[in-house]
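Chemist: Here you go, this is model-v4.cif (mmCIF, C-alpha atoms).
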```cif
data_data
#
loop_
_atom_site.label_atom_id
_atom_site.label_comp_id
_atom_site.auth_asym_id
_atom_site.auth_seq_id
_atom_site.Cartn_x
_atom_site.Cartn_y
_atom_site.Cartn_z
CA MET A 158 -19.15 9.56 29.85
CA LYS A 159 -20.27 12.46 27.64
CA ILE A 160 -18.18 15.59 27.90
CA ASN A 161 -21.27 17.82 28.03
CA ASP A 162 -22.47 16.00 31.15
CA PHE A 163 -19.15 16.24 32.97
CA ASN A 164 -18.07 18.99 35.37
CA PHE A 165 -14.31 19.60 35.36
CA ALA A 166 -14.38 21.93 38.40
CA GLY A 167 -11.36 21.37 40.64
CA LEU A 168 -9.99 18.61 38.40
CA LYS A 169 -7.00 18.34 36.09
CA ALA A 170 -7.87 17.18 32.56
CA ILE A 171 -5.34 15.88 30.07
CA VAL A 172 -6.64 16.36 26.54
CA ARG A 173 -5.18 14.70 23.45
CA VAL A 174 -5.52 17.32 20.73
CA ASP A 175 -4.28 17.40 17.15
CA PHE A 176 -2.03 20.45 16.95
CA ASN A 177 -0.05 19.04 14.01
CA VAL A 178 -0.40 22.38 12.24
CA PRO A 179 1.65 23.53 9.24
CA LEU A 180 4.56 25.87 9.93
CA ASP A 181 6.60 28.06 7.60
CA GLU A 182 10.41 28.12 7.50
CA ASN A 183 10.41 30.54 10.46
CA GLY A 184 8.26 28.29 12.64
CA LYS A 185 5.14 30.43 12.19
CA VAL A 186 1.73 28.74 11.97
CA THR A 187 0.31 29.07 8.44
CA ASP A 188 -3.08 27.46 9.15
CA ASN A 189 -4.58 27.31 12.66
CA THR A 190 -7.73 25.35 11.69
CA ARG A 191 -6.82 22.44 13.97
CA ILE A 192 -6.22 24.72 16.93
CA LEU A 193 -9.58 26.41 16.42
CA GLY A 194 -11.29 23.03 16.05
CA ALA A 195 -10.17 21.98 19.52
CA LEU A 196 -11.42 25.14 21.27
CA PRO A 197 -14.91 23.95 22.31
CA THR A 198 -13.42 21.06 24.30
CA LEU A 199 -10.57 23.09 25.77
CA LYS A 200 -12.81 25.97 26.78
CA LYS A 201 -15.27 23.58 28.42
CA VAL A 202 -12.53 22.37 30.79
CA LEU A 203 -11.45 25.90 31.67
CA SER A 204 -14.93 27.42 31.99
CA ASP A 205 -15.93 24.63 34.39
CA GLY A 206 -13.01 25.62 36.61
CA GLY A 207 -10.68 22.79 35.68
CA SER A 208 -6.95 22.79 34.92
CA LEU A 209 -6.04 21.97 31.33
CA ILE A 210 -3.12 19.87 30.11
CA MET A 211 -2.84 19.61 26.31
CA MET A 212 -0.76 17.01 24.49
CA SER A 213 -0.19 16.51 20.78
CA HIS A 214 2.29 15.31 18.18
CA MET A 215 3.81 17.36 15.38
CA GLY A 216 5.32 15.82 12.28
CA LYS A 217 7.32 12.60 12.34
CA PRO A 218 10.42 13.04 14.50
CA LYS A 219 10.41 9.26 15.14
CA GLY A 220 11.59 9.37 18.72
CA LYS A 221 14.20 12.07 18.22
CA VAL A 222 14.22 15.69 19.39
CA LYS A 223 13.93 17.94 16.36
CA PRO A 224 13.66 21.66 17.25
CA GLU A 225 11.82 22.45 14.01
CA LEU A 226 9.00 20.18 15.24
CA SER A 227 8.76 21.60 18.74
CA LEU A 228 5.29 22.51 19.97
CA GLY A 229 6.93 25.40 21.79
CA GLN A 230 6.63 27.27 18.49
CA ILE A 231 2.83 27.32 18.70
CA VAL A 232 2.33 28.30 22.35
CA LYS A 233 1.57 31.89 21.35
CA ASN A 234 -1.03 30.77 18.80
CA VAL A 235 -2.73 28.46 21.29
CA SER A 236 -2.70 31.19 23.96
CA GLU A 237 -4.33 33.70 21.62
CA ALA A 238 -6.98 31.22 20.47
CA LEU A 239 -7.76 30.02 23.99
CA GLY A 240 -7.66 33.44 25.62
CA VAL A 241 -5.31 32.33 28.42
CA ASP A 242 -1.54 32.45 28.89
CA VAL A 243 -0.60 28.86 28.05
CA LYS A 244 2.41 27.45 29.90
CA PHE A 245 4.83 25.02 28.22
CA ALA A 246 6.46 21.82 29.49
CA PRO A 247 9.63 21.15 27.41
CA ASP A 248 9.75 17.48 28.48
CA ALA A 249 6.41 15.65 28.26
CA ALA A 250 7.77 12.74 30.31
CA LYS A 251 8.93 14.99 33.17
CA ALA A 252 6.16 17.54 33.54
CA GLN A 253 5.16 16.66 37.11
CA ASP A 254 6.23 19.99 38.62
CA ALA A 255 4.56 22.05 35.89
CA VAL A 256 1.36 20.04 36.34
CA ALA A 257 1.44 20.36 40.14
CA ALA A 258 1.71 24.15 39.82
CA LEU A 259 -1.38 24.41 37.59
CA LYS A 260 -4.31 26.25 39.13
CA ALA A 261 -7.97 26.16 38.13
CA GLY A 262 -8.48 27.95 34.81
CA GLU A 263 -4.82 27.57 33.79
CA ALA A 264 -3.47 25.68 30.80
CA LEU A 265 -0.29 23.77 30.01
CA LEU A 266 0.98 22.39 26.69
CA LEU A 267 3.33 19.40 26.68
CA GLU A 268 6.21 19.04 24.22
CA ASN A 269 5.81 16.96 21.04
CA LEU A 270 4.80 13.44 22.10
CA ARG A 271 6.63 11.88 19.16
CA TYR A 272 9.96 13.02 20.54
CA TYR A 273 9.49 9.81 22.52
CA ALA A 274 9.59 6.49 20.63
CA GLU A 275 7.23 5.16 23.29
CA GLU A 276 4.38 7.30 21.92
CA GLU A 277 4.09 5.29 18.70
CA GLY A 278 5.41 2.13 20.32
CA LYS A 279 7.43 0.92 17.34
CA PRO A 280 10.83 -0.77 17.78
CA VAL A 281 13.53 1.33 16.15
CA GLY A 282 16.52 0.01 14.22
CA VAL A 283 15.49 -3.66 14.29
CA GLU A 284 14.49 -5.69 11.23
CA LYS A 285 10.97 -7.11 11.19
CA GLY A 286 10.58 -10.89 11.27
CA THR A 287 13.69 -11.52 13.35
CA PRO A 288 13.94 -12.81 16.95
CA GLU A 289 15.53 -9.47 17.84
CA PHE A 290 12.45 -7.66 16.54
CA ASP A 291 10.10 -9.77 18.66
CA ALA A 292 12.18 -9.05 21.76
CA ALA A 293 12.39 -5.34 20.94
CA LYS A 294 8.63 -5.24 20.34
CA ALA A 295 7.90 -6.75 23.75
CA GLU A 296 10.29 -4.33 25.43
CA MET A 297 8.78 -1.37 23.59
CA LYS A 298 5.27 -2.40 24.67
CA GLU A 299 6.39 -2.19 28.31
CA ARG A 300 8.00 1.18 27.69
CA GLN A 301 4.85 2.45 25.96
CA GLU A 302 2.72 1.38 28.93
CA ALA A 303 5.09 3.18 31.30
CA PHE A 304 5.01 6.36 29.18
CA ALA A 305 1.20 6.27 29.03
CA LYS A 306 1.06 5.73 32.80
CA THR A 307 3.26 8.80 33.32
CA LEU A 308 0.99 10.93 31.12
CA ALA A 309 -2.08 9.61 32.93
CA SER A 310 -0.56 10.47 36.32
CA TYR A 311 -0.78 14.17 35.46
CA ALA A 312 -4.57 14.28 35.48
CA ASP A 313 -7.87 13.17 37.00
CA VAL A 314 -9.65 13.00 33.64
CA TYR A 315 -8.67 11.97 30.10
CA VAL A 316 -10.27 13.47 26.99
CA ASN A 317 -9.45 12.35 23.45
CA ASP A 318 -10.25 15.04 20.89
CA ALA A 319 -7.73 14.06 18.18
CA PHE A 320 -9.65 12.18 15.51
CA GLY A 321 -6.73 12.38 13.07
CA THR A 322 -4.79 9.88 15.21
CA ALA A 323 -7.73 7.81 16.47
CA HIS A 324 -6.79 4.94 14.16
CA ARG A 325 -3.42 4.56 15.89
CA ARG A 326 -2.82 2.61 19.09
CA HIS A 327 -0.45 5.19 20.52
CA ALA A 328 0.35 5.90 24.16
CA SER A 329 -1.65 9.15 24.15
CA THR A 330 -4.59 7.95 22.03
CA ALA A 331 -5.44 4.50 23.36
CA VAL A 332 -3.06 3.11 25.99
CA ILE A 333 -3.51 6.05 28.38
CA ALA A 334 -7.27 5.47 28.52
CA HIS A 335 -6.74 2.21 30.43
CA TYR A 336 -5.60 4.23 33.45
CA PHE A 337 -8.96 6.01 33.83
CA ASP A 338 -12.32 4.53 34.80
CA ALA A 339 -15.40 4.91 32.59
CA ASP A 340 -16.57 8.02 34.44
CA HIS A 341 -13.26 9.83 33.93
CA LYS A 342 -12.51 9.31 30.23
CA MET A 343 -14.44 10.67 27.29
CA LEU A 344 -14.40 11.90 23.72
CA GLY A 345 -14.06 15.63 23.14
CA TYR A 346 -16.62 17.63 21.15
CA LEU A 347 -14.66 17.33 17.90
CA MET A 348 -14.33 13.55 18.24
CA GLU A 349 -18.02 13.22 19.07
CA LYS A 350 -18.90 15.12 15.89
CA GLU A 351 -16.60 12.90 13.79
CA VAL A 352 -18.05 9.68 15.18
CA THR A 353 -21.62 10.96 14.74
CA ALA A 354 -20.95 12.06 11.15
CA ILE A 355 -19.51 8.66 10.20
CA ASP A 356 -22.42 6.87 11.92
CA ASN A 357 -24.84 9.04 9.93
CA VAL A 358 -23.22 7.82 6.73
CA LEU A 359 -22.68 4.17 7.55
CA LYS A 360 -25.58 3.36 9.87
CA ASN A 361 -28.30 5.93 9.23
CA ALA A 362 -27.88 6.75 5.55
CA GLN A 363 -30.90 8.03 3.65
CA ARG A 364 -31.26 6.84 0.06
CA PRO A 365 -29.94 7.29 -2.53
CA PHE A 366 -26.47 7.01 -0.94
CA THR A 367 -23.58 8.06 -3.19
CA ALA A 368 -19.88 7.63 -2.43
CA ILE A 369 -17.29 9.54 -4.45
CA ILE A 370 -13.88 7.93 -4.07
CA GLY A 371 -10.92 9.55 -5.79
CA GLY A 372 -7.19 9.84 -5.43
CA SER A 373 -4.19 8.34 -7.12
CA LYS A 374 -4.10 4.66 -6.17
CA VAL A 375 -6.62 1.83 -5.90
CA SER A 376 -4.34 0.12 -3.38
CA SER A 377 -4.84 2.86 -0.77
CA LYS A 378 -8.64 2.63 -0.88
CA LEU A 379 -9.48 -0.89 -2.04
CA GLY A 380 -10.74 -1.92 1.41
CA VAL A 381 -12.99 1.13 1.60
CA ILE A 382 -14.39 0.53 -1.89
CA LYS A 383 -15.20 -3.11 -1.12
CA TYR A 384 -16.85 -2.23 2.19
CA LEU A 385 -18.96 0.49 0.60
CA LEU A 386 -20.40 -1.89 -2.01
CA ASP A 387 -22.71 -3.22 0.72
CA LYS A 388 -23.73 0.30 1.76
CA VAL A 389 -24.16 2.55 -1.28
CA ASP A 390 -26.49 2.91 -4.25
CA ASN A 391 -23.95 4.79 -6.37
CA LEU A 392 -20.17 4.56 -6.37
CA ILE A 393 -18.24 7.17 -8.35
CA ILE A 394 -14.57 6.31 -8.86
CA GLY A 395 -12.40 9.17 -10.13
CA GLY A 396 -8.84 10.37 -10.17
CA GLY A 397 -5.80 8.26 -10.94
CA MET A 398 -7.30 5.10 -9.47
CA GLY A 399 -9.93 5.00 -12.22
CA TYR A 400 -7.36 4.14 -14.90
CA THR A 401 -6.65 0.75 -13.32
CA PHE A 402 -10.33 -0.10 -13.83
CA ILE A 403 -10.24 1.09 -17.44
CA LYS A 404 -7.09 -0.84 -18.32
CA ALA A 405 -8.48 -3.96 -16.63
CA GLN A 406 -11.33 -3.84 -19.14
CA GLY A 407 -8.92 -3.64 -22.08
CA GLY A 408 -8.94 0.13 -22.45
CA LYS A 409 -5.98 2.19 -23.70
CA ILE A 410 -4.87 4.60 -20.98
CA GLY A 411 -1.61 5.97 -22.41
CA LEU A 412 0.78 7.12 -19.69
CA SER A 413 -1.97 7.39 -17.07
CA LEU A 414 -1.28 6.29 -13.51
CA HIS A 415 -2.38 2.70 -12.85
CA GLU A 416 -1.57 -0.45 -10.88
CA ASP A 417 -1.26 -3.56 -13.05
CA ASP A 418 -1.22 -5.90 -10.05
CA LEU A 419 -4.67 -4.68 -8.99
CA MET A 420 -6.47 -5.10 -12.31
CA GLU A 421 -8.02 -8.41 -11.21
CA GLU A 422 -9.19 -6.75 -8.01
CA ALA A 423 -10.70 -3.93 -10.06
CA LEU A 424 -12.62 -6.39 -12.22
CA GLY A 425 -13.78 -8.12 -9.04
CA VAL A 426 -15.09 -4.82 -7.66
CA MET A 427 -17.00 -4.16 -10.88
CA ALA A 428 -18.52 -7.66 -10.86
CA ALA A 429 -19.50 -7.30 -7.19
CA ALA A 430 -21.08 -3.90 -7.86
CA LYS A 431 -23.17 -5.38 -10.66
CA GLU A 432 -24.23 -8.31 -8.49
CA LYS A 433 -25.24 -6.01 -5.61
CA GLY A 434 -27.07 -3.55 -7.86
CA VAL A 435 -24.63 -0.70 -7.21
CA ASN A 436 -24.25 1.86 -10.00
CA LEU A 437 -20.46 2.06 -10.39
CA SER A 438 -19.49 5.08 -12.46
CA LEU A 439 -16.08 5.78 -14.02
CA SER A 440 -15.03 8.73 -16.18
CA THR A 441 -16.28 8.54 -19.75
CA SER A 442 -13.50 10.82 -21.01
CA ALA A 443 -10.51 12.58 -19.52
CA VAL A 444 -8.62 15.84 -19.76
CA CYS A 445 -5.12 14.66 -20.65
CA GLY A 446 -1.70 16.22 -20.60
CA LYS A 447 1.44 15.62 -22.64
CA GLU A 448 3.49 15.67 -19.46
CA PHE A 449 2.92 15.98 -15.72
CA SER A 450 3.08 19.76 -15.37
CA ASN A 451 0.61 22.60 -14.97
CA ASP A 452 1.39 24.29 -18.28
CA THR A 453 1.47 21.19 -20.49
CA GLU A 454 -0.71 20.93 -23.60
CA ARG A 455 -4.24 19.67 -22.79
CA ARG A 456 -6.67 17.59 -24.81
CA VAL A 457 -9.77 15.53 -24.08
CA PHE A 458 -9.81 11.85 -25.07
CA PRO A 459 -12.24 8.98 -24.44
CA ILE A 460 -11.21 7.34 -21.17
CA ASN A 461 -10.54 4.01 -22.89
CA ASP A 462 -8.68 5.44 -25.89
CA ILE A 463 -5.92 7.70 -24.59
CA PRO A 464 -2.92 7.90 -26.97
CA ASP A 465 0.33 6.30 -25.82
CA ASP A 466 2.10 9.59 -25.13
CA TRP A 467 -0.72 11.29 -23.20
CA GLU A 468 -1.67 11.05 -19.53
CA GLY A 469 -5.11 11.35 -17.92
CA MET A 470 -5.04 14.30 -15.51
CA ASP A 471 -8.62 15.42 -14.80
CA ALA A 472 -12.27 14.52 -15.27
CA SER A 473 -13.86 15.90 -18.44
CA GLU A 474 -17.01 18.01 -18.67
CA GLU A 475 -18.83 14.96 -20.04
CA SER A 476 -17.91 12.87 -16.99
CA LEU A 477 -18.75 15.72 -14.61
CA ALA A 478 -22.20 16.15 -16.17
CA GLU A 479 -23.00 12.49 -15.53
CA TRP A 480 -21.71 12.65 -11.96
CA LYS A 481 -23.58 15.89 -11.25
CA GLU A 482 -26.85 14.20 -12.15
CA THR A 483 -26.12 11.38 -9.69
CA ILE A 484 -24.90 13.63 -6.86
CA LEU A 485 -27.81 16.09 -6.99
CA VAL A 486 -30.44 13.39 -6.45
CA SER A 487 -28.52 11.82 -3.55
CA LYS A 488 -29.65 12.09 0.07
CA THR A 489 -26.39 10.86 1.61
CA ILE A 490 -22.98 11.71 0.12
CA LEU A 491 -19.52 10.57 1.14
CA TRP A 492 -16.59 12.19 -0.65
CA ASN A 493 -12.96 11.18 -0.21
CA GLY A 494 -10.27 12.05 -2.74
CA PRO A 495 -9.85 14.31 -5.80
CA VAL A 496 -10.98 13.38 -9.32
CA GLY A 497 -7.94 14.98 -10.96
CA VAL A 498 -4.46 16.28 -10.25
CA PHE A 499 -5.79 18.87 -7.82
CA GLU A 500 -2.37 20.28 -6.91
CA LEU A 501 -2.00 21.59 -10.49
CA ASP A 502 -4.41 24.48 -11.07
CA ASN A 503 -5.05 23.60 -14.71
CA PHE A 504 -6.19 20.12 -13.68
CA ALA A 505 -8.14 21.05 -10.53
CA HIS A 506 -11.38 21.95 -12.31
CA GLY A 507 -13.04 18.55 -11.92
CA THR A 508 -12.42 18.38 -8.19
CA GLY A 509 -13.71 21.91 -7.76
CA GLU A 510 -16.91 21.04 -9.64
CA ILE A 511 -17.46 17.98 -7.44
CA ALA A 512 -17.17 20.28 -4.40
CA LYS A 513 -19.86 22.52 -5.87
CA TYR A 514 -22.19 19.60 -6.64
CA VAL A 515 -21.85 18.20 -3.11
CA ALA A 516 -22.57 21.64 -1.62
CA GLU A 517 -25.59 22.12 -3.88
CA ALA A 518 -27.01 18.71 -2.99
CA THR A 519 -26.59 19.59 0.68
CA GLN A 520 -27.98 23.12 0.64
CA LYS A 521 -30.77 22.81 -1.95
CA ASN A 522 -31.78 19.17 -1.70
CA GLY A 523 -31.18 18.43 1.99
CA ALA A 524 -28.53 15.74 1.54
CA PHE A 525 -26.20 14.78 4.39
CA SER A 526 -22.64 15.15 3.10
CA LEU A 527 -19.41 14.01 4.72
CA VAL A 528 -16.16 15.22 3.15
CA GLY A 529 -12.75 13.88 4.19
CA GLY A 530 -9.23 13.44 2.85
CA GLY A 531 -6.66 16.18 2.25
CA ASP A 532 -7.52 17.26 -1.29
CA SER A 533 -11.28 16.94 -0.82
CA VAL A 534 -11.09 19.15 2.25
CA ALA A 535 -8.75 21.54 0.42
CA ALA A 536 -11.27 21.77 -2.42
CA VAL A 537 -14.24 22.73 -0.24
CA ASN A 538 -12.02 25.24 1.57
CA LYS A 539 -10.55 26.68 -1.64
CA PHE A 540 -13.98 27.39 -3.06
CA GLY A 541 -15.42 28.62 0.25
CA LEU A 542 -17.83 25.70 0.51
CA ALA A 543 -16.77 24.13 3.83
CA ASP A 544 -19.79 25.60 5.59
CA GLN A 545 -22.12 24.38 2.85
CA VAL A 546 -21.49 20.66 3.35
CA SER A 547 -22.75 18.79 6.40
CA TYR A 548 -19.40 17.82 7.87
CA VAL A 549 -15.72 18.17 6.98
CA SER A 550 -13.65 15.44 8.65
CA THR A 551 -10.35 16.35 10.30
CA GLY A 552 -8.85 12.87 9.92
CA GLY A 553 -8.14 11.38 6.51
CA GLY A 554 -6.64 8.05 7.57
CA ALA A 555 -8.91 7.66 10.58
CA MET A 556 -11.98 8.41 8.48
CA LEU A 557 -10.98 5.86 5.86
CA GLU A 558 -10.48 3.14 8.45
CA ALA A 559 -13.80 3.95 10.11
CA ILE A 560 -15.57 3.85 6.74
CA GLU A 561 -13.88 0.53 6.07
CA GLY A 562 -15.64 -0.81 9.16
CA LYS A 563 -12.49 -1.02 11.28
CA THR A 564 -12.49 -0.31 15.00
CA LEU A 565 -10.55 2.85 15.86
CA PRO A 566 -8.34 2.20 18.93
CA GLY A 567 -8.67 5.81 20.11
CA VAL A 568 -12.45 5.54 20.14
CA ALA A 569 -12.71 1.99 21.45
CA ALA A 570 -10.42 2.73 24.41
CA ILE A 571 -12.92 5.26 25.75
CA SER A 572 -15.71 2.67 26.03
CA GLU A 573 -13.56 -0.16 27.41
#
```
Would you give me this structure, written as structure tokens?

Modeler:
Amino acid sequence: MKINDFNFAGLKAIVRVDFNVPLDENGKVTDNTRILGALPTLKKVLSDGGSLIMMSHMGKPKGKVKPELSLGQIVKNVSEALGVDVKFAPDAAKAQDAVAALKAGEALLLENLRYYAEEEGKPVGVEKGTPEFDAAKAEMKERQEAFAKTLASYADVYVNDAFGTAHRRHASTAVIAHYFDADHKMLGYLMEKEVTAIDNVLKNAQRPFTAIIGGSKVSSKLGVIKYLLDKVDNLIIGGGMGYTFIKAQGGKIGLSLHEDDLMEEALGVMAAAKEKGVNLSLSTSAVCGKEFSNDTERRVFPINDIPDDWEGMDASEESLAEWKETILVSKTILWNGPVGVFELDNFAHGTGEIAKYVAEATQKNGAFSLVGGGDSVAAVNKFGLADQVSYVSTGGGAMLEAIEGKTLPGVAAISE
């Protein structure tokens, strides 16, 4: 069922949102982007004349009640964004009375789902690989089903609009969907956009297709890189992960971040790229620092000849010039991960330039661009370019798994 085709009039809808927003030390919301992102779906339920029940996680309380992670702190923010006085249920597992009292056009927010170990469904305090773990896992699965059934009992319709957790088989993202028939479960508007954007990249890509994969470690994105070799024309590898590739080829990388145990894998990726005709591009030189700090001395060295006491920290102008040429002629662009130490201002230049190139390719040359991953998203936001790329993904981990070709439980459960 498509949300746009559904009429929520007279029905109660339970919507899984991602309200895992950042809070300051006083419990005040510092960035309400995720709340605003959910509004189209939430307002659809209310404007149709339905009753709205919102559920979300916040942080990682791991089955324990932690007041600093209570969703009660954001009720005011959600109320202001939604334009209705949102009610709050302090116990998500015992919200029957609050739900029963809901009238058409009213909204209720449940307490942090991860206060309950059943949400994530992981046995706690038992060592993996032991008979005790297997027994605890089976017991937890039953408890998770029961928790999901309780949540499902609150509503007539289930809507999943939390892409950031779609790669997890949690009670509220996948298990709950089994308690609704195909006509009463659906993706929200935000989820629909995410799935469409990823399909545009992986299934309907126009050529040339360029993927820019950055970040600190090869290990976190090896699966994605391998999967993309069958999809892309150009693969740009930047950031800390690039130094593993350079060292694998015999290059001197000084103190630069790398993973020795993945050098063979890196060589395998390079050989596969060559075999498949993919242009794999690494930095040609790097902006290096004497130590890992913002104010350290900086010098540029060839990427394969960094002195022993220097560390690669950002992409050089030479590398950026090469990458710009590739990006600007691309018709499909996927960008995940920074090409330097973005959290340090003096080493954020390269990532900022990539953001500008992706925006230019989108606006001037008509490319479809999908940006995801914390620092990539932060870069397009920092430079005011978020509205100049085609789509900014709200889910880093979920996006990576989708790009890797994996089935997302939160999406699959809707079509089952």

Chemist: Between CA of Ala535 in chain A and CA of Glu500 in chain A, what is the spacing in Å?

Modeler: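 One can read the CA of Glu500 in chain A to CA of Ala535 in chain A distance as 9.8 Å.
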
Chemist: With a distance cut-off of 10 Å and all atoms listed in the file, select the neighbouring residues of range 325-328 of chain A, excluding the residue or stretch itself and same-chain residues fewer than 4 positions from it, and output the selection as a list in words.

Modeler: Leu270, Arg271, Ala274, Glu275, Glu276, Glu277, Gly278, Lys279, Lys298, Arg300, Gln301, Glu302, Ala303, Phe304, Ala305, Lys306, Leu308, Ala309, Phe320, Gly321, Val332, Ile333, Ala334, Gly554, Ala555, Leu565, Pro566, Gly567 and Ala570 of chain A

Chemist: For range 388-402 of chain A, please output as a PyMOL selection string all residues within 7 Å (counting all atoms listed in the file; exclusion window: fewer than 2 positions along the same chain).

Modeler: chain A and resi 365-375+385-386+404-406+410+413-417+420+423-424+435-440+471+495-497

Chemist: Quick one: everything within 12 Å of range 159-162 of chain A, counting only C-alpha atoms, minus sequence neighbours fewer than 5 positions away in the same chain. Send it as a list of chain:residue names.

Modeler: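 Once the nearby chain positions are removed, what remains is A:Ala170, A:Val172, A:Pro197, A:Thr198, A:Leu199, A:Lys200, A:Lys201, A:Val202, A:Asp205, A:Val314, A:Tyr315, A:Val316, A:Asn317, A:Asp318, A:Ala339, A:Asp340, A:His341, A:Lys342, A:Met343, A:Leu344, A:Gly345, A:Tyr346, A:Leu347, A:Met348, A:Glu349, A:Ile571, A:Ser572.
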
Chemist: Please produce a file of those selected residues containing C-alpha atoms, as a JSON list (two decimals), keeping the file's coordinate frame.

Modeler:
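Once everything was written out, this is out06.json:
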```json
[["chain", "number", "residue", "atom", "x", "y", "z"],
["A", 170, "ALA", "CA", -7.87, 17.18, 32.56],
["A", 172, "VAL", "CA", -6.64, 16.36, 26.54],
["A", 197, "PRO", "CA", -14.91, 23.95, 22.31],
["A", 198, "THR", "CA", -13.42, 21.06, 24.30],
["A", 199, "LEU", "CA", -10.57, 23.09, 25.77],
["A", 200, "LYS", "CA", -12.81, 25.97, 26.78],
["A", 201, "LYS", "CA", -15.27, 23.58, 28.42],
["A", 202, "VAL", "CA", -12.53, 22.37, 30.79],
["A", 205, "ASP", "CA", -15.93, 24.63, 34.39],
["A", 314, "VAL", "CA", -9.65, 13.00, 33.64],
["A", 315, "TYR", "CA", -8.67, 11.97, 30.10],
["A", 316, "VAL", "CA", -10.27, 13.47, 26.99],
["A", 317, "ASN", "CA", -9.45, 12.35, 23.45],
["A", 318, "ASP", "CA", -10.25, 15.04, 20.89],
["A", 339, "ALA", "CA", -15.40, 4.91, 32.59],
["A", 340, "ASP", "CA", -16.57, 8.02, 34.44],
["A", 341, "HIS", "CA", -13.26, 9.83, 33.93],
["A", 342, "LYS", "CA", -12.51, 9.31, 30.23],
["A", 343, "MET", "CA", -14.44, 10.67, 27.29],
["A", 344, "LEU", "CA", -14.40, 11.90, 23.72],
["A", 345, "GLY", "CA", -14.06, 15.63, 23.14],
["A", 346, "TYR", "CA", -16.62, 17.63, 21.15],
["A", 347, "LEU", "CA", -14.66, 17.33, 17.90],
["A", 348, "MET", "CA", -14.33, 13.55, 18.24],
["A", 349, "GLU", "CA", -18.02, 13.22, 19.07],
["A", 571, "ILE", "CA", -12.92, 5.26, 25.75],
["A", 572, "SER", "CA", -15.71, 2.67, 26.03]]
```

Chemist: To one decimal in Å, tell me the separation between CA of Glu479 in chain A and CA of Ala516 in chain A.

Modeler: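 Pair CA of Glu479 in chain A / CA of Ala516 in chain A returns 16.7 Å.
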
Chemist: Name the residues in contact with Arg364 in chain A at a cut-off of 7 Å, using only C-alpha atoms, excluding same-chain residues fewer than 2 positions from it; report them as a ChimeraX atom specification.

Modeler: /A:362,366,487-489
